[in-house]
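First comes the structure, then the notes that go with it.
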Amino acid sequence: MEKSDIMSIIQDNNVSEYYSLKHLGIDGYAFPDQEALKIVQICKLLLIPILGGDVYSLTDSTIEDLDDSWYYDRTPNESYYNYVQNSCNRSESYIRAYKSHSCDRPLFSLVIEEQLK
């Protein structure tokens with residue numbers, strides 16, 4: 001069985017701009033807002049819930065953690081379909097609203113629920 005993860009989404013869907021977070025001790029990637037929004041839409045179509053994410057700043061090719069994040073918790077009576085839709089909508093809203101913050105080049109990492117294929 002193969003797991004669905006961010007890397008497979010990147011490779012399968014022409015997500016072209018992303019940054020490794022290994023130098024921060026994180027095994028993951030951060031994306032500019034438009035690429036992050038593309039991933040949110042892909043997750044919605046593939047029915048993959050987004051558990052949350054973190055925000056980073058890109059300044060002169062240096063990535064820094066901004067200590068900003070969001071999350072979504074599934075409610076007890078929420079159907080799986082609604083869970084996916086609501087978690088993706090929450091992520092999309094957060095990313096779109098973040099443009100009003102003081103960071104010129106925010107990057108977003110996404111935590112998706114692991115899916116077995």
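Chain labels follow the order of the structure tokens: the first chain is A, the next B, and so on; residue numbering restarts at 1 in every chain, and ligands are counted from 1 in their shown order.
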
- Message: So that I can check the surroundings of segment 94-110 of chain A, please list as a ChimeraX atom specification every protein, DNA and RNA residue that reaches within 10 Å of it, counting only C-alpha atoms and ignoring chain neighbours fewer than 6 positions away.
- Response: /A:6,18-21,28-37,39-40,50-60,63-66,68-71,88

- What residues in chain A get the DSSP label strand (DSSP E or B)? Please answer as a ChimeraX atom specification. /A:3-4,19-20,29-32,50-59,62-71,106-112,115-116

- Task: Compile the contact shell of Cys43 of chain A as an MDAnalysis selection string: residues with an atom at most 9 Å away, counting only C-alpha atoms, same-chain residues fewer than 5 positions apart removed.
- Result: chainID A and resid 9 38 48:50 84 88 112

- Message: What's the separation between atom CA of His23 of chain A and atom CA of Gln11 of chain A, in Å to one decimal place?
- Response: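 Separation between atom CA of His23 of chain A and atom CA of Gln11 of chain A: 21.6 Å.
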
- Item | Pairwise distance for atom CA of Ile42 of chain A and atom CA of Asp67 of chain A, rounded to one decimal in Å |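 Here the two named atoms are 25.7 Å from each other.
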